[in-house]
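Working notes, structure below.
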Amino acid sequence: MKMKKIVTTSFVALSVLALAACGAPESTSKDSDAKKVGVLQIVQHGSLDAAYEGFKEGLAEGGYKEGENLVIDYQNAQNNQDNLKSMSEKLVKDKSDLLLGIATPAAQSLANETQDIPIVVTAVTDLAEAKLVDSNEKPGRNVTGTTDMVPDISKQTDLLLSIIDNPKTIGIMYNAGEANSKIQANLAKEALEKAGVKVKELTANTTNDVQQVTTSLAKDVDGIYIPTDNTFASAATVVGEVAKETKTPIVAASIEQVEAGGLATYGIDYESLGKQTGLMAAKILDGDATPSTMPVEFANELKLVVNEDMAEALGIDPASIKAPE
């Protein structure tokens with residue numbers, strides 16, 4: 001099988017401001033005083049899985065390693081609201097020292113269950129809008145973490161426009177039920193219209209709708225933008241197949257979506273973002289910080305990623321795709 005070729009370029013950006021539905025077995029530790037961290041992830045897909053792996057890397061760099069002085073209870077809700085509720089209750093009941101919520105529904109579910117246990121979150125676009133914190137600068141509660149909001153979303157829409165000759169209409173696809181996706185879609189629409197192109201939006205409620213929505217939208221537009229969105233991230237390979245068939249350039253907000261079925265992004269590295277979150281968690285476990293006074297952090301790094309296989313399928317020279325200035 002031919003391996004997918006991915007070209008990645010790193011840039012420094014801004015800083016500051018189951019497994020199974022029943023969950024994975026808990027990790028073990030030789031240390032009876034080991035810290036216990038409960039993790040709740042909304043669904044399994046590349047971006048969120050990468051964020052979890054990065055989180056563990058950050059904890060390790062901060063001095064907390066599984067099997068030594070750290071026990072992790074990982075739960076994956078598989079996009080089921082009933083699972084979110086029961087898994088949140090379990091993690092709180094088990095008296096975790098700290099909780100991690102991966103993506104907005106998981107973060108909100110944990111926050112609804114406890115106002116006492118420290119919670120860090122990642123892959124959440126706007127913690128204040130999601131009512132997880134009083135403000136992103138001063139959280140004021142037991143929740144803080146990292147946002148996957150790109151500091152300037154016009155960088156991603158500019159990248160898409162730069163790939164297409166004389167673009168007239170650009171499509172945006174997302175799940176309108178995901179509040180954070182809608183925030184990003186609105187920002188992208190504003191940026192595209194400011195650039196002088198028309199915008200057509202289509203939404204999908206579930207992954208079962210993704211193929212039909214992508215096919216329908218691709219017929220009417222010159223290119224498509226996809227924000228960070230769990231529904232479309234979970235069906236990224238389906239999107240990729242439609243893109244190849246219809247010869248549609250797609251810029252997605254996350255690296256993992258592009259690797260699975262997009263053309264390019266100037267976006268978030270979720271593993272790196274998760275690592276930032278893990279380092280924040282380590283400071284809390286050390287007793288050196290509290291969520292209420294830790295500002296929400298933006299990604300330290302954005303990357304230009306080009307899927308060379310997709311570029312070849314679309315007849316585009318990957319070397320011609322450059323990071324926006």
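Just remember, in the structure tokens the first chain shown is A, the second B, etc., residues are 1-based per chain, and ligands are 1-based in the order shown.
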Practice prompt. Find the residues near region 129-131 of chain A: any atom within 9 Å, counting only C-alpha atoms, skip ones fewer than 2 places away on the same chain, and give them as a ChimeraX atom specification.
Written response: /A:104,108,124-127,133-135,179-180
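Neighbouring residues of Met149 (chain A) at 10 Å or closer, counting only C-alpha atoms and skipping chain neighbours under 4 positions away, are A:Ala123, A:Val124, A:Thr125, A:Asp126, A:Ile153, A:Asn180, A:Ser181, A:Ile183, A:Gln184, A:Pro227, A:Thr228, A:Ala253, A:Gly267, A:Ile268, A:Glu297, A:Phe298, A:Ala299.
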Fill in: Shell of 8 Å around Thr248 (chain A), only C-alpha atoms, local chain residues under 2 positions omitted, as a PyMOL selection string
chain A and resi 218+222-224+243-246+250+314
Worksheet item: Residues at most 12 Å from Gly63 (chain A), counting only C-alpha atoms, excluding those fewer than 4 positions away in the same chain, as a ChimeraX atom specification?
Response: /A:34-35,56-59,68-70,278-286
Worksheet item: How would you write, as an MDAnalysis selection string, the set of residues in region 20-213 of chain A that DSSP gives as helix (DSSP H, G or I)?
Response: chainID A and resid 46:61 81:93 104:113 154:163 179:194 207:213
Item to complete: Using only C-alpha atoms, find the one residue out of A:Pro324, A:Pro151, A:Gly145, A:Gly262 that sits nearest to Gly101 (chain A).
Response: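 Of all the options, A:Gly145 lies closest to Gly101 (chain A).
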Discussion item. Give me the residues near Asn136 (chain A) as JSON, numbers by chain, where near means some atom within 6 Å (using only C-alpha atoms) and where sequence neighbours in that chain fewer than 4 positions away do not count.
Written reply: {"A": [128, 295, 296]}
Discussion item. Quick one: residues within 7 Å of Met294 (chain A), only C-alpha atoms, excluding same-chain residues fewer than 5 positions away - as number ranges by chain?
Written reply: A: 138-139, 144
Worksheet item: How many Å separate CA of Thr203 (chain A) from CA of Phe232 (chain A)?
Response: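 CA of Phe232 (chain A) lies 9.8 Å from CA of Thr203 (chain A).
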Worksheet entry | Long-range neighbours of region 39-52 of chain A as a PyMOL selection string, 7 Å cut-off, only C-alpha atoms, 3 positions minimum in chain | chain A and resi 55-56+73-79+99-103+105-106+233-234+256+270-271+273-274
May I have the selected residues written with N, CA, C and O atoms, as a PDB file, in the first residue's frame?
ATOM      1  N   PHE A  55      -1.238  15.041  26.132  1.00  0.00           N
ATOM      2  CA  PHE A  55      -1.488  15.310  27.558  1.00  0.00           C
ATOM      3  C   PHE A  55      -0.599  14.439  28.428  1.00  0.00           C
ATOM      4  O   PHE A  55       0.019  14.928  29.392  1.00  0.00           O
ATOM      5  N   LYS A  56      -0.509  13.160  28.092  1.00  0.00           N
ATOM      6  CA  LYS A  56       0.343  12.256  28.874  1.00  0.00           C
ATOM      7  C   LYS A  56       1.814  12.653  28.765  1.00  0.00           C
ATOM      8  O   LYS A  56       2.570  12.555  29.741  1.00  0.00           O
ATOM      9  N   ASP A  73      -7.323   7.008  34.663  1.00  0.00           N
ATOM     10  CA  ASP A  73      -8.565   6.304  34.343  1.00  0.00           C
ATOM     11  C   ASP A  73      -9.143   6.974  33.098  1.00  0.00           C
ATOM     12  O   ASP A  73      -9.699   8.068  33.161  1.00  0.00           O
ATOM     13  N   TYR A  74      -8.975   6.334  31.937  1.00  0.00           N
ATOM     14  CA  TYR A  74      -9.393   6.908  30.652  1.00  0.00           C
ATOM     15  C   TYR A  74     -10.783   6.395  30.268  1.00  0.00           C
ATOM     16  O   TYR A  74     -11.017   5.179  30.246  1.00  0.00           O
ATOM     17  N   GLN A  75     -11.669   7.316  29.964  1.00  0.00           N
ATOM     18  CA  GLN A  75     -13.028   6.963  29.546  1.00  0.00           C
ATOM     19  C   GLN A  75     -13.347   7.633  28.207  1.00  0.00           C
ATOM     20  O   GLN A  75     -13.063   8.827  28.039  1.00  0.00           O
ATOM     21  N   ASN A  76     -13.894   6.884  27.268  1.00  0.00           N
ATOM     22  CA  ASN A  76     -14.286   7.432  25.963  1.00  0.00           C
ATOM     23  C   ASN A  76     -15.789   7.229  25.774  1.00  0.00           C
ATOM     24  O   ASN A  76     -16.268   6.093  25.757  1.00  0.00           O
ATOM     25  N   ALA A  77     -16.518   8.325  25.662  1.00  0.00           N
ATOM     26  CA  ALA A  77     -17.981   8.258  25.617  1.00  0.00           C
ATOM     27  C   ALA A  77     -18.531   7.826  24.268  1.00  0.00           C
ATOM     28  O   ALA A  77     -19.741   7.599  24.139  1.00  0.00           O
ATOM     29  N   GLN A  78     -17.671   7.748  23.253  1.00  0.00           N
ATOM     30  CA  GLN A  78     -18.115   7.344  21.914  1.00  0.00           C
ATOM     31  C   GLN A  78     -19.327   8.147  21.440  1.00  0.00           C
ATOM     32  O   GLN A  78     -20.280   7.612  20.870  1.00  0.00           O
ATOM     33  N   ASN A  79     -19.290   9.451  21.754  1.00  0.00           N
ATOM     34  CA  ASN A  79     -20.309  10.411  21.300  1.00  0.00           C
ATOM     35  C   ASN A  79     -21.706  10.086  21.810  1.00  0.00           C
ATOM     36  O   ASN A  79     -22.706  10.401  21.155  1.00  0.00           O
ATOM     37  N   LEU A  99      -9.048  16.131  36.777  1.00  0.00           N
ATOM     38  CA  LEU A  99      -9.823  15.591  35.651  1.00  0.00           C
ATOM     39  C   LEU A  99      -9.416  16.286  34.361  1.00  0.00           C
ATOM     40  O   LEU A  99      -9.081  17.479  34.374  1.00  0.00           O
ATOM     41  N   LEU A 100      -9.459  15.562  33.266  1.00  0.00           N
ATOM     42  CA  LEU A 100      -9.228  16.137  31.937  1.00  0.00           C
ATOM     43  C   LEU A 100     -10.468  15.902  31.088  1.00  0.00           C
ATOM     44  O   LEU A 100     -10.939  14.765  30.950  1.00  0.00           O
ATOM     45  N   GLY A 101     -11.001  16.968  30.489  1.00  0.00           N
ATOM     46  CA  GLY A 101     -12.095  16.860  29.536  1.00  0.00           C
ATOM     47  C   GLY A 101     -11.589  17.146  28.143  1.00  0.00           C
ATOM     48  O   GLY A 101     -11.035  18.229  27.898  1.00  0.00           O
ATOM     49  N   ILE A 102     -11.762  16.208  27.212  1.00  0.00           N
ATOM     50  CA  ILE A 102     -11.283  16.387  25.835  1.00  0.00           C
ATOM     51  C   ILE A 102     -12.484  16.666  24.938  1.00  0.00           C
ATOM     52  O   ILE A 102     -13.312  15.784  24.707  1.00  0.00           O
ATOM     53  N   ALA A 103     -12.585  17.891  24.466  1.00  0.00           N
ATOM     54  CA  ALA A 103     -13.675  18.441  23.648  1.00  0.00           C
ATOM     55  C   ALA A 103     -14.793  18.967  24.545  1.00  0.00           C
ATOM     56  O   ALA A 103     -14.961  18.533  25.689  1.00  0.00           O
ATOM     57  N   PRO A 105     -18.236  18.880  24.907  1.00  0.00           N
ATOM     58  CA  PRO A 105     -19.256  18.123  25.664  1.00  0.00           C
ATOM     59  C   PRO A 105     -18.676  17.380  26.861  1.00  0.00           C
ATOM     60  O   PRO A 105     -19.303  17.317  27.919  1.00  0.00           O
ATOM     61  N   ALA A 106     -17.481  16.825  26.706  1.00  0.00           N
ATOM     62  CA  ALA A 106     -16.842  16.108  27.816  1.00  0.00           C
ATOM     63  C   ALA A 106     -16.467  17.082  28.925  1.00  0.00           C
ATOM     64  O   ALA A 106     -16.661  16.804  30.117  1.00  0.00           O
ATOM     65  N   ALA A 233     -14.471  15.446  11.659  1.00  0.00           N
ATOM     66  CA  ALA A 233     -13.184  14.807  11.961  1.00  0.00           C
ATOM     67  C   ALA A 233     -13.336  13.296  12.036  1.00  0.00           C
ATOM     68  O   ALA A 233     -12.451  12.545  11.599  1.00  0.00           O
ATOM     69  N   SER A 234     -14.469  12.838  12.564  1.00  0.00           N
ATOM     70  CA  SER A 234     -14.712  11.399  12.676  1.00  0.00           C
ATOM     71  C   SER A 234     -14.925  10.748  11.311  1.00  0.00           C
ATOM     72  O   SER A 234     -14.778   9.535  11.170  1.00  0.00           O
ATOM     73  N   GLU A 256      -4.769  16.620  11.763  1.00  0.00           N
ATOM     74  CA  GLU A 256      -5.211  15.231  11.634  1.00  0.00           C
ATOM     75  C   GLU A 256      -6.305  15.082  10.574  1.00  0.00           C
ATOM     76  O   GLU A 256      -6.363  14.076   9.873  1.00  0.00           O
ATOM     77  N   TYR A 270      -2.664  18.976  17.533  1.00  0.00           N
ATOM     78  CA  TYR A 270      -3.378  18.589  18.758  1.00  0.00           C
ATOM     79  C   TYR A 270      -2.498  17.867  19.767  1.00  0.00           C
ATOM     80  O   TYR A 270      -2.730  17.947  20.972  1.00  0.00           O
ATOM     81  N   GLU A 271      -1.502  17.170  19.289  1.00  0.00           N
ATOM     82  CA  GLU A 271      -0.595  16.518  20.245  1.00  0.00           C
ATOM     83  C   GLU A 271       0.178  17.574  21.032  1.00  0.00           C
ATOM     84  O   GLU A 271       0.327  17.479  22.248  1.00  0.00           O
ATOM     85  N   LEU A 273      -0.844  20.640  21.503  1.00  0.00           N
ATOM     86  CA  LEU A 273      -1.822  21.323  22.361  1.00  0.00           C
ATOM     87  C   LEU A 273      -2.103  20.501  23.620  1.00  0.00           C
ATOM     88  O   LEU A 273      -2.192  21.040  24.732  1.00  0.00           O
ATOM     89  N   GLY A 274      -2.230  19.185  23.441  1.00  0.00           N
ATOM     90  CA  GLY A 274      -2.445  18.313  24.593  1.00  0.00           C
ATOM     91  C   GLY A 274      -1.266  18.352  25.553  1.00  0.00           C
ATOM     92  O   GLY A 274      -1.448  18.300  26.775  1.00  0.00           O
TER      93      GLY A 274
END
Worksheet entry | Which of region 248-279 of chain A fall in strand (DSSP E or B), as a PyMOL selection string | chain A and resi 250-252+254+264-268
Go ahead and write the selection's residues with all heavy atoms as an mmCIF file, in the first residue's frame.
data_model
loop_
_atom_site.group_PDB
_atom_site.id
_atom_site.type_symbol
_atom_site.label_atom_id
_atom_site.label_comp_id
_atom_site.auth_asym_id
_atom_site.auth_seq_id
_atom_site.Cartn_x
_atom_site.Cartn_y
_atom_site.Cartn_z
ATOM 1 N N ILE A 250 -9.830 21.097 -0.191
ATOM 2 C CA ILE A 250 -10.398 21.280 1.148
ATOM 3 C C ILE A 250 -9.303 21.669 2.132
ATOM 4 O O ILE A 250 -8.301 20.960 2.270
ATOM 5 C CB ILE A 250 -11.100 19.995 1.638
ATOM 6 C CG1 ILE A 250 -12.339 19.713 0.783
ATOM 7 C CG2 ILE A 250 -11.498 20.126 3.113
ATOM 8 C CD1 ILE A 250 -13.100 18.459 1.184
ATOM 9 N N VAL A 251 -9.502 22.796 2.789
ATOM 10 C CA VAL A 251 -8.644 23.201 3.902
ATOM 11 C C VAL A 251 -9.428 22.931 5.179
ATOM 12 O O VAL A 251 -10.551 23.424 5.344
ATOM 13 C CB VAL A 251 -8.254 24.684 3.813
ATOM 14 C CG1 VAL A 251 -7.695 25.187 5.154
ATOM 15 C CG2 VAL A 251 -7.217 24.886 2.708
ATOM 16 N N ALA A 252 -8.847 22.127 6.071
ATOM 17 C CA ALA A 252 -9.466 21.826 7.361
ATOM 18 C C ALA A 252 -8.651 22.501 8.457
ATOM 19 O O ALA A 252 -7.491 22.851 8.259
ATOM 20 C CB ALA A 252 -9.529 20.322 7.583
ATOM 21 N N SER A 254 -7.654 21.315 11.393
ATOM 22 C CA SER A 254 -6.686 20.531 12.161
ATOM 23 C C SER A 254 -5.798 19.689 11.247
ATOM 24 O O SER A 254 -6.201 19.293 10.146
ATOM 25 C CB SER A 254 -7.398 19.621 13.159
ATOM 26 O OG SER A 254 -7.934 18.488 12.512
ATOM 27 N N ALA A 264 -4.877 20.730 2.799
ATOM 28 C CA ALA A 264 -3.864 21.496 3.524
ATOM 29 C C ALA A 264 -4.489 22.180 4.727
ATOM 30 O O ALA A 264 -5.710 22.312 4.837
ATOM 31 C CB ALA A 264 -3.240 22.546 2.603
ATOM 32 N N THR A 265 -3.621 22.607 5.634
ATOM 33 C CA THR A 265 -4.047 23.445 6.753
ATOM 34 C C THR A 265 -2.873 24.288 7.240
ATOM 35 O O THR A 265 -1.708 23.954 6.994
ATOM 36 C CB THR A 265 -4.576 22.611 7.940
ATOM 37 O OG1 THR A 265 -5.166 23.497 8.910
ATOM 38 C CG2 THR A 265 -3.460 21.836 8.616
ATOM 39 N N TYR A 266 -3.195 25.370 7.862
ATOM 40 C CA TYR A 266 -2.223 26.116 8.657
ATOM 41 C C TYR A 266 -2.847 26.102 10.044
ATOM 42 O O TYR A 266 -3.589 27.000 10.422
ATOM 43 C CB TYR A 266 -2.073 27.537 8.128
ATOM 44 C CG TYR A 266 -1.067 28.374 8.890
ATOM 45 C CD1 TYR A 266 0.285 28.055 8.844
ATOM 46 C CD2 TYR A 266 -1.464 29.474 9.624
ATOM 47 C CE1 TYR A 266 1.199 28.825 9.544
ATOM 48 C CE2 TYR A 266 -0.556 30.255 10.315
ATOM 49 C CZ TYR A 266 0.771 29.913 10.268
ATOM 50 O OH TYR A 266 1.691 30.676 10.971
ATOM 51 N N GLY A 267 -2.616 25.002 10.758
ATOM 52 C CA GLY A 267 -3.483 24.778 11.900
ATOM 53 C C GLY A 267 -2.851 24.209 13.139
ATOM 54 O O GLY A 267 -1.634 24.211 13.321
ATOM 55 N N ILE A 268 -3.751 23.680 13.957
ATOM 56 C CA ILE A 268 -3.418 23.220 15.288
ATOM 57 C C ILE A 268 -2.790 21.822 15.245
ATOM 58 O O ILE A 268 -3.301 20.929 14.589
ATOM 59 C CB ILE A 268 -4.686 23.145 16.165
ATOM 60 C CG1 ILE A 268 -5.327 24.525 16.308
ATOM 61 C CG2 ILE A 268 -4.378 22.538 17.524
ATOM 62 C CD1 ILE A 268 -4.593 25.464 17.195
#
Worksheet item: For the atom pair CA of Gly240 (chain A) and CA of Thr147 (chain A), what is the interatomic distance in Å to one decimal place?
Response: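 It comes out at 26.0 Å.
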Discussion item. For a quick check of understanding, using only C-alpha atoms, which of A:Asp209, A:Asp94, A:Glu190, A:Glu61 has the smallest distance to Lys275 (chain A)?
Written reply: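 Distance minimum relative to Lys275 (chain A) lands on A:Glu61.
For the choices A:Leu161, A:Ala323, A:Leu217, A:Ala204, the atom-to-atom distance to Ala235 (chain A) is smallest for A:Ala204 when using only C-alpha atoms.
The interatomic distance for the pair CA of Pro318 (chain A) and CA of Leu304 (chain A) works out to 11.5 Å.
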Worksheet entry | Option closest in space to Lys303 (chain A), from A:Val221, A:Ile255, A:Ile321, A:Ile226 [counting only C-alpha atoms] |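 Selected residue with least distance to Lys303 (chain A): A:Ile255.
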